[in-house]
Amino acid sequence: MKLASILLAGLLVLPSLTADAAAAAATEKKIDDLLGRMTLEEKIGQLNQLSGFGYDPAMVGRINAGAVGSILNEVDPVTVNKLQREAVENSRLGIPLVFARDVIHGFKTIFPIPLGQAATWNPALVEQGARIAADEASSTGVRWTFSPMLDISRDARWGRIAESFGEDPYLTTVLGTAMVRGYQGDDLSKPNTMAACAKHFAGYGYSESGRDYNTTWIPEPLLRDVVLPPFKAMADCGAATFMCSFNDINGVPSSGNRYLLRDILRGEWGYDGMMVSDWGSIQQMIPHGYSADLRQAASQAINAGVDMDMEGYAYVGHLKDLVESGEVDMATVDEAVRNVLRLKYRLGLFDNPYVDEKTANRFYLPQSLEAATRAVEESAVLLKNDAGVLPLASDIKVAVVGPMADAHHDQNGTWSFDMEKNRSVTPLESLRDIYGKDKVIYAPGLKHTRDRSTDGFAAALDAARKADVVIAFVGEEAVLSGEAHSRADISLPGAQSALLKELKKAGKPVVTVIITGRPMVIAGDLDSSNALLYTFHGGTMAGPGIANVLTGRAYPSGRLPNVLPRMSGQLPIYYARKNTGRPAAEMTLIDDIELEAGQTSTGCTSYYLDAGDGPLFPFGYGLGYTTFSYSDPVLSATEITPDGTLTATCRVTNTGSRDGAEVAQLYVRDLVGSLVRPVRELKGFEKVILAPGESREISFTLKAADLGFHRLDNTYVVEPGDFQLWIAPNSAEGTPVSFKIVH
Ligand code: GLC
């Protein structure tokens, strides 16, 4: 019976697979035909991406000559069509351009930065946000975005952690895949889709010391087990393009890294999408000290597998000479051109190159703003709520304080190029809508987040004295995170911490809301607060989303996508750490050490005298307005073979008096390995909404094959031995159960 049903299923699916294969073959034939008619100059033109602003005659000349393959940063639909017409109707072969833009967390309706979307632990919501971004951006003619960014980020000094999904490969994989689905939909040739771009390939998040563009040293097992898995998932899920990263990996810049771009991406993974450089990253191999000049850089990049040169002028400047001199094979150029043409066919640009100007500029639809508000609500992480000061009562007077309370520009965060600040709704505006203007006293206290002046403190304290509750909005301006914006000290900038301390003098409950682009050091600020809600730049609807959570119209369900360190000096810090040979035991902290204490008096284990052992808050942590209990996990088996699976089941119960959402997290530990293994690794999660008293049985199916790792010789192994498993509310809690992998 089973065989028959499999055969039947195969017969049912076979026609669509055959149709897909036939369509792919037809596309390759069209590419062959076109390639056969292209001159070397026209081939090189397809590999050239330039930034364009307006209908520029010099650009038009390049387009007519077939010297441009893609334009980024043009977002006016009329201009897009005019430039496209120069390619399709006024160039020799009429090959359409593909227009690109950094649509990183929304186009006009700005969603939370990706790190904030990660805090939702909600793939469906991330997918919806990407779908909305694609619909808005494609309505201007943009059909390719440089997103999702999949760089595993474990050093919060690095400003680009804002663009990431945080420190964990599994969470990054699930959310990155959801984002690709949102951008590309089920048919990339539809005009309201965008090609995704898996970036930055690879290892950029390991920039040494968290300083952007810095060198990285990534041993093979770390590359294979932490850095690459999200990118492999992108290749598997059909992300249409990849972007290579600025950094060198162990001395070889990604833009010239044949091992990465050909051996792994093409050879091992069989990827047939298109690889674009990062902005000028081919040219930057000269300052890297990897290329003597732009000619050598062009040769290294094309041979390594970079198809398109973004704003580097390396290919248009040197590829012709390199091919004619025999230093670069024509076949190598043809392969790159194929990948570019295949992208354009997949986007349907040959059949439908123009954006529909009648339906252009589809922005800010009510359902989009609603979805953006939900995303803000679900991205908010409640870290403290003493005496249940939250949710706020409705019949109170509130003092709204802090430089991020009414920051129309800065609440949108980094990479929100097309944002319109006058469309942003701020927390101050939303709280005034909810409480009425006469019940909201506003005194920012500081002009911006870097302001060191205390001139505004008196007014803020006065407002606090007149109110029942103080809500202080602090954090980082948008410019303090993102590309090239690393910070060595990741505490609140300016005099914000001093402002929070000052507010305590009013003797009223202080609710601190952090709006920021990164995990920050907030230990002192936590002490100044009765409640603390941690949010990442939330975008257009940051105000309504945060206000809904503060007032109980929504409940907080965000969970940390990174640990929060106690001190900057702990960085890099992450939950999936190694146990060491001397894990922290009894710790004598710096203020408790006796004078003239003996050398070994503080114990010889792994911790900081001034910061202790772990983070301030663990990965996956977050509170709600209710409480939850977990039953001990029950396993379907306590022994499995390397090709086996087991099911882990646990019952989660809402033990409080309010609705709430809980993110049940599945962690595993391999206790002994031929390489030491992390103390925990996330292998699954499920977000469930439960009413008071409601229970839900949550089951995870775990494959032994997913519990392996790469050895130093690069072989992937699933080793027999003892394992522990948790189903828990975060990476630091829960009672483990044991199982074995046996031969
Ligand atoms: C930038 C970034 C990259 C972005 C590209 C285009 O320098 O590194 O993430 O997509 O250039 O703006």
# chains A, B, ... in the order shown; residues from 1 in each chain; ligands from 1
>>> residues_near_ligand(ligand="ligand 1", cutoff="9 Å", atoms="only C-alpha atoms and all ligand atoms", output="MDAnalysis selection string")
chainID A and resid 51 72:73 100:104 145:147 149 160 163 197 199:200 243 245:246 277:281 310 415 483:484
>>> write_last_selection(atoms="N, CA, C and O atoms", output="mmCIF file, in the first residue's frame")
data_model
loop_
_atom_site.group_PDB
_atom_site.id
_atom_site.type_symbol
_atom_site.label_atom_id
_atom_site.label_comp_id
_atom_site.auth_asym_id
_atom_site.auth_seq_id
_atom_site.Cartn_x
_atom_site.Cartn_y
_atom_site.Cartn_z
ATOM 1 N N SER A 51 25.405 52.705 -9.444
ATOM 2 C CA SER A 51 24.410 53.408 -8.655
ATOM 3 C C SER A 51 23.889 54.563 -9.490
ATOM 4 O O SER A 51 24.654 55.322 -10.085
ATOM 5 N N LEU A 72 21.458 50.326 -9.158
ATOM 6 C CA LEU A 72 20.900 50.328 -7.803
ATOM 7 C C LEU A 72 20.638 51.768 -7.395
ATOM 8 O O LEU A 72 21.274 52.704 -7.887
ATOM 9 N N ASN A 73 19.641 51.920 -6.511
ATOM 10 C CA ASN A 73 19.313 53.195 -5.882
ATOM 11 C C ASN A 73 18.435 54.126 -6.708
ATOM 12 O O ASN A 73 18.201 55.257 -6.286
ATOM 13 N N ALA A 100 17.840 47.603 -8.416
ATOM 14 C CA ALA A 100 18.048 47.062 -7.062
ATOM 15 C C ALA A 100 18.055 48.182 -6.027
ATOM 16 O O ALA A 100 18.278 49.353 -6.352
ATOM 17 N N ARG A 101 17.812 47.797 -4.776
ATOM 18 C CA ARG A 101 17.813 48.763 -3.671
ATOM 19 C C ARG A 101 17.997 47.994 -2.370
ATOM 20 O O ARG A 101 17.620 46.810 -2.278
ATOM 21 N N ASP A 102 18.568 48.648 -1.374
ATOM 22 C CA ASP A 102 18.630 48.044 -0.034
ATOM 23 C C ASP A 102 17.284 48.199 0.656
ATOM 24 O O ASP A 102 17.019 49.212 1.306
ATOM 25 N N VAL A 103 16.436 47.214 0.471
ATOM 26 C CA VAL A 103 15.142 47.200 1.171
ATOM 27 C C VAL A 103 15.317 46.204 2.299
ATOM 28 O O VAL A 103 15.053 45.012 2.153
ATOM 29 N N ILE A 104 15.817 46.688 3.438
ATOM 30 C CA ILE A 104 16.347 45.777 4.470
ATOM 31 C C ILE A 104 15.306 45.397 5.512
ATOM 32 O O ILE A 104 15.257 44.282 6.009
ATOM 33 N N THR A 145 16.426 43.119 -3.942
ATOM 34 C CA THR A 145 16.831 43.749 -2.701
ATOM 35 C C THR A 145 18.081 43.065 -2.165
ATOM 36 O O THR A 145 18.313 41.880 -2.421
ATOM 37 N N PHE A 146 18.889 43.811 -1.435
ATOM 38 C CA PHE A 146 20.100 43.230 -0.836
ATOM 39 C C PHE A 146 19.776 42.800 0.599
ATOM 40 O O PHE A 146 20.243 43.357 1.564
ATOM 41 N N SER A 147 18.937 41.793 0.659
ATOM 42 C CA SER A 147 18.430 41.271 1.939
ATOM 43 C C SER A 147 17.919 39.863 1.682
ATOM 44 O O SER A 147 17.510 39.572 0.556
ATOM 45 N N MET A 149 20.185 39.665 5.420
ATOM 46 C CA MET A 149 21.548 39.589 5.938
ATOM 47 C C MET A 149 21.570 38.454 6.954
ATOM 48 O O MET A 149 20.798 38.433 7.893
ATOM 49 N N ARG A 160 26.682 46.393 12.595
ATOM 50 C CA ARG A 160 25.792 45.712 11.650
ATOM 51 C C ARG A 160 25.020 44.565 12.310
ATOM 52 O O ARG A 160 24.204 43.922 11.655
ATOM 53 N N GLU A 163 21.424 44.621 11.562
ATOM 54 C CA GLU A 163 20.833 44.087 10.326
ATOM 55 C C GLU A 163 20.701 42.574 10.365
ATOM 56 O O GLU A 163 20.196 41.973 9.425
ATOM 57 N N CYS A 197 18.677 38.491 -1.677
ATOM 58 C CA CYS A 197 20.145 38.448 -1.771
ATOM 59 C C CYS A 197 20.712 38.003 -0.442
ATOM 60 O O CYS A 197 20.653 38.747 0.537
ATOM 61 N N LYS A 199 23.276 37.689 2.136
ATOM 62 C CA LYS A 199 24.512 38.431 2.384
ATOM 63 C C LYS A 199 24.858 38.386 3.851
ATOM 64 O O LYS A 199 24.014 38.022 4.674
ATOM 65 N N HIS A 200 26.134 38.679 4.217
ATOM 66 C CA HIS A 200 27.292 38.918 3.359
ATOM 67 C C HIS A 200 28.142 37.653 3.426
ATOM 68 O O HIS A 200 28.573 37.248 4.503
ATOM 69 N N MET A 243 25.529 37.823 -2.040
ATOM 70 C CA MET A 243 26.491 38.926 -2.071
ATOM 71 C C MET A 243 27.705 38.532 -1.252
ATOM 72 O O MET A 243 27.567 38.068 -0.106
ATOM 73 N N SER A 245 31.174 39.199 0.900
ATOM 74 C CA SER A 245 31.372 40.159 1.997
ATOM 75 C C SER A 245 32.659 40.946 1.827
ATOM 76 O O SER A 245 33.561 40.559 1.087
ATOM 77 N N PHE A 246 32.778 42.035 2.558
ATOM 78 C CA PHE A 246 33.962 42.903 2.500
ATOM 79 C C PHE A 246 35.183 42.257 3.123
ATOM 80 O O PHE A 246 36.314 42.501 2.724
ATOM 81 N N SER A 277 29.147 41.395 -6.026
ATOM 82 C CA SER A 277 30.116 41.857 -5.011
ATOM 83 C C SER A 277 29.408 42.802 -4.067
ATOM 84 O O SER A 277 28.294 43.259 -4.327
ATOM 85 N N ASP A 278 30.068 43.132 -2.962
ATOM 86 C CA ASP A 278 29.549 44.232 -2.165
ATOM 87 C C ASP A 278 30.089 45.522 -2.800
ATOM 88 O O ASP A 278 30.911 45.501 -3.719
ATOM 89 N N TRP A 279 29.634 46.654 -2.296
ATOM 90 C CA TRP A 279 29.956 47.934 -2.929
ATOM 91 C C TRP A 279 31.470 48.152 -3.011
ATOM 92 O O TRP A 279 32.122 48.356 -1.989
ATOM 93 N N GLY A 280 32.017 48.035 -4.207
ATOM 94 C CA GLY A 280 33.446 48.265 -4.379
ATOM 95 C C GLY A 280 34.314 47.201 -3.742
ATOM 96 O O GLY A 280 35.535 47.379 -3.612
ATOM 97 N N SER A 281 33.768 46.071 -3.373
ATOM 98 C CA SER A 281 34.567 45.099 -2.617
ATOM 99 C C SER A 281 35.636 44.453 -3.480
ATOM 100 O O SER A 281 36.646 43.978 -2.971
ATOM 101 N N MET A 310 29.668 45.446 -8.207
ATOM 102 C CA MET A 310 28.880 46.583 -7.738
ATOM 103 C C MET A 310 29.797 47.779 -7.539
ATOM 104 O O MET A 310 30.633 47.773 -6.630
ATOM 105 N N TRP A 415 19.518 51.661 7.603
ATOM 106 C CA TRP A 415 19.024 51.104 6.334
ATOM 107 C C TRP A 415 17.515 51.325 6.181
ATOM 108 O O TRP A 415 16.756 50.382 5.953
ATOM 109 N N GLU A 483 26.076 49.956 9.177
ATOM 110 C CA GLU A 483 27.390 49.853 8.542
ATOM 111 C C GLU A 483 28.341 50.950 8.972
ATOM 112 O O GLU A 483 27.969 52.107 9.052
ATOM 113 N N ALA A 484 29.557 50.542 9.293
ATOM 114 C CA ALA A 484 30.654 51.456 9.653
ATOM 115 C C ALA A 484 30.396 52.137 10.987
ATOM 116 O O ALA A 484 31.089 53.102 11.335
#
>>> residues_around(residues="Lys43 of chain A", least_positions_apart="6", cutoff="10 Å", atoms="only C-alpha atoms", output="list in words")
Leu35, Arg37, Gly66, Ala67, Val68, Gly69, Val316, Leu319, Lys320, Met330, Val333, Asp334, Ala336, Val337, Arg338 and Val340 of chain A
>>> write_last_selection(atoms="N, CA and C atoms", output="PDB file, in the first residue's frame")
ATOM      1  N   LEU A  35      23.722  34.639 -25.536  1.00  0.00           N
ATOM      2  CA  LEU A  35      25.170  34.672 -25.313  1.00  0.00           C
ATOM      3  C   LEU A  35      25.922  34.570 -26.636  1.00  0.00           C
ATOM      4  N   ARG A  37      25.177  35.765 -29.322  1.00  0.00           N
ATOM      5  CA  ARG A  37      25.092  36.990 -30.129  1.00  0.00           C
ATOM      6  C   ARG A  37      25.768  38.181 -29.471  1.00  0.00           C
ATOM      7  N   GLY A  66      25.148  49.064 -23.988  1.00  0.00           N
ATOM      8  CA  GLY A  66      25.134  47.725 -23.381  1.00  0.00           C
ATOM      9  C   GLY A  66      26.213  47.571 -22.333  1.00  0.00           C
ATOM     10  N   ALA A  67      26.585  48.678 -21.670  1.00  0.00           N
ATOM     11  CA  ALA A  67      27.710  48.644 -20.720  1.00  0.00           C
ATOM     12  C   ALA A  67      27.244  48.590 -19.274  1.00  0.00           C
ATOM     13  N   VAL A  68      25.920  48.427 -19.050  1.00  0.00           N
ATOM     14  CA  VAL A  68      25.392  48.357 -17.680  1.00  0.00           C
ATOM     15  C   VAL A  68      24.416  47.183 -17.597  1.00  0.00           C
ATOM     16  N   GLY A  69      24.521  46.380 -16.541  1.00  0.00           N
ATOM     17  CA  GLY A  69      23.608  45.247 -16.358  1.00  0.00           C
ATOM     18  C   GLY A  69      22.556  45.510 -15.309  1.00  0.00           C
ATOM     19  N   VAL A 316      34.459  46.483 -15.968  1.00  0.00           N
ATOM     20  CA  VAL A 316      34.394  47.306 -17.188  1.00  0.00           C
ATOM     21  C   VAL A 316      35.760  47.870 -17.528  1.00  0.00           C
ATOM     22  N   LEU A 319      38.349  43.649 -17.706  1.00  0.00           N
ATOM     23  CA  LEU A 319      38.048  42.282 -18.144  1.00  0.00           C
ATOM     24  C   LEU A 319      38.348  42.069 -19.632  1.00  0.00           C
ATOM     25  N   LYS A 320      38.084  43.086 -20.455  1.00  0.00           N
ATOM     26  CA  LYS A 320      38.326  42.908 -21.902  1.00  0.00           C
ATOM     27  C   LYS A 320      39.787  42.563 -22.146  1.00  0.00           C
ATOM     28  N   MET A 330      37.342  33.108 -21.675  1.00  0.00           N
ATOM     29  CA  MET A 330      36.019  33.598 -22.081  1.00  0.00           C
ATOM     30  C   MET A 330      34.936  32.765 -21.387  1.00  0.00           C
ATOM     31  N   VAL A 333      33.932  34.248 -18.143  1.00  0.00           N
ATOM     32  CA  VAL A 333      33.053  35.407 -18.320  1.00  0.00           C
ATOM     33  C   VAL A 333      31.651  34.944 -18.714  1.00  0.00           C
ATOM     34  N   ASP A 334      31.582  33.981 -19.628  1.00  0.00           N
ATOM     35  CA  ASP A 334      30.274  33.482 -20.072  1.00  0.00           C
ATOM     36  C   ASP A 334      29.466  32.927 -18.908  1.00  0.00           C
ATOM     37  N   ALA A 336      29.576  33.811 -15.787  1.00  0.00           N
ATOM     38  CA  ALA A 336      29.059  34.928 -14.986  1.00  0.00           C
ATOM     39  C   ALA A 336      27.886  35.583 -15.694  1.00  0.00           C
ATOM     40  N   VAL A 337      28.007  35.755 -17.001  1.00  0.00           N
ATOM     41  CA  VAL A 337      26.924  36.392 -17.755  1.00  0.00           C
ATOM     42  C   VAL A 337      25.678  35.513 -17.733  1.00  0.00           C
ATOM     43  N   ARG A 338      25.889  34.209 -17.825  1.00  0.00           N
ATOM     44  CA  ARG A 338      24.751  33.288 -17.729  1.00  0.00           C
ATOM     45  C   ARG A 338      23.975  33.523 -16.421  1.00  0.00           C
ATOM     46  N   VAL A 340      23.806  36.133 -14.608  1.00  0.00           N
ATOM     47  CA  VAL A 340      23.082  37.408 -14.632  1.00  0.00           C
ATOM     48  C   VAL A 340      21.831  37.295 -15.506  1.00  0.00           C
TER      49      VAL A 340
END
>>> residues_around(residues="segment 351-357 of chain A", least_positions_apart="5", cutoff="8 Å", atoms="only C-alpha atoms", output="compact mmCIF listing (two decimals) with N, CA, C and O atoms, in the first residue's frame")
# COMPACT_ATOMS: atom_id res chain seq x y z
N PRO A 77 9.54 55.43 -10.31
CA PRO A 77 9.07 54.52 -11.36
C PRO A 77 9.14 55.10 -12.76
O PRO A 77 9.45 54.39 -13.72
N VAL A 78 8.90 56.40 -12.88
CA VAL A 78 8.95 57.01 -14.23
C VAL A 78 10.39 56.98 -14.74
O VAL A 78 10.67 56.61 -15.88
N VAL A 80 12.75 54.94 -13.70
CA VAL A 80 13.10 53.53 -13.92
C VAL A 80 12.68 53.10 -15.33
O VAL A 80 13.45 52.52 -16.09
N ASN A 81 11.45 53.45 -15.69
CA ASN A 81 10.96 53.05 -17.02
C ASN A 81 11.73 53.76 -18.15
O ASN A 81 12.03 53.15 -19.18
N GLN A 84 14.94 52.01 -18.38
CA GLN A 84 14.73 50.65 -18.91
C GLN A 84 14.48 50.69 -20.42
O GLN A 84 14.96 49.86 -21.17
N VAL A 88 16.06 48.43 -23.32
CA VAL A 88 15.25 47.47 -24.09
C VAL A 88 15.07 47.92 -25.54
O VAL A 88 15.14 47.12 -26.46
N PRO A 96 17.16 43.74 -20.78
CA PRO A 96 16.64 44.65 -19.73
C PRO A 96 17.61 44.79 -18.56
O PRO A 96 18.43 43.91 -18.30
N LEU A 97 17.51 45.92 -17.90
CA LEU A 97 18.26 46.16 -16.66
C LEU A 97 17.50 45.53 -15.50
O LEU A 97 16.28 45.36 -15.57
N SER A 138 8.64 46.97 -5.33
CA SER A 138 8.47 46.61 -6.74
C SER A 138 7.51 47.55 -7.44
O SER A 138 7.57 47.71 -8.66
N SER A 139 6.68 48.24 -6.69
CA SER A 139 5.74 49.20 -7.32
C SER A 139 6.49 50.44 -7.81
O SER A 139 5.92 51.28 -8.49
N THR A 140 7.78 50.54 -7.48
CA THR A 140 8.59 51.65 -8.04
C THR A 140 9.54 51.12 -9.11
O THR A 140 10.29 51.88 -9.69
N GLY A 141 9.53 49.81 -9.32
CA GLY A 141 10.43 49.23 -10.32
C GLY A 141 11.61 48.50 -9.72
O GLY A 141 12.40 47.88 -10.43
N PRO A 191 5.42 40.56 -11.15
CA PRO A 191 6.00 41.91 -11.05
C PRO A 191 6.02 42.46 -9.63
O PRO A 191 6.73 43.42 -9.36
>>> residues_around(residues="segment 692-696 of chain A", least_positions_apart="5", cutoff="12 Å", atoms="only C-alpha atoms", output="list in words")
Tyr625, Thr626, Thr627, Phe628, Ser629, Tyr630, Ser631, Thr649, Cys650, Arg651, Val652, Thr653, Asn654, Thr655, Gly656, Ser657, Arg658, Asp659, Gly660, Ala661, Glu662, Val663, Ala664, Glu686 and Lys687 of chain A
>>> select_by_dssp(residues="segment 640-733 of chain A", states="strand (DSSP E)", output="ChimeraX atom specification")
/A:640,645-654,660-670,681-690,695-703,709-710,716-717,721-728
>>> atom_distance(atom1="atom CA of Leu616 of chain A", atom2="atom CA of Pro565 of chain A")
5.3 Å
>>> residues_around(residues="Ser601 of chain A", least_positions_apart="2", cutoff="12 Å", atoms="only C-alpha atoms", output="list in words")
Glu586, Met587, Thr588, Leu589, Ile590, Asp592, Ile593, Glu594, Leu595, Glu596, Ala597, Gly598, Gln599, Gly603, Cys604, Thr605 and Leu609 of chain A
>>> select_by_dssp(residues="segment 521-700 of chain A", states="helix (DSSP H, G or I)", output="list in words")
Ala523, Gly524, Asp525, Leu526, Asp527, Ala542, Gly543, Pro544, Gly545, Ile546, Ala547, Asn548, Val549, Leu550, Ser568, Gly569, Gln570, Ile590, Asp591 and Asp592 of chain A
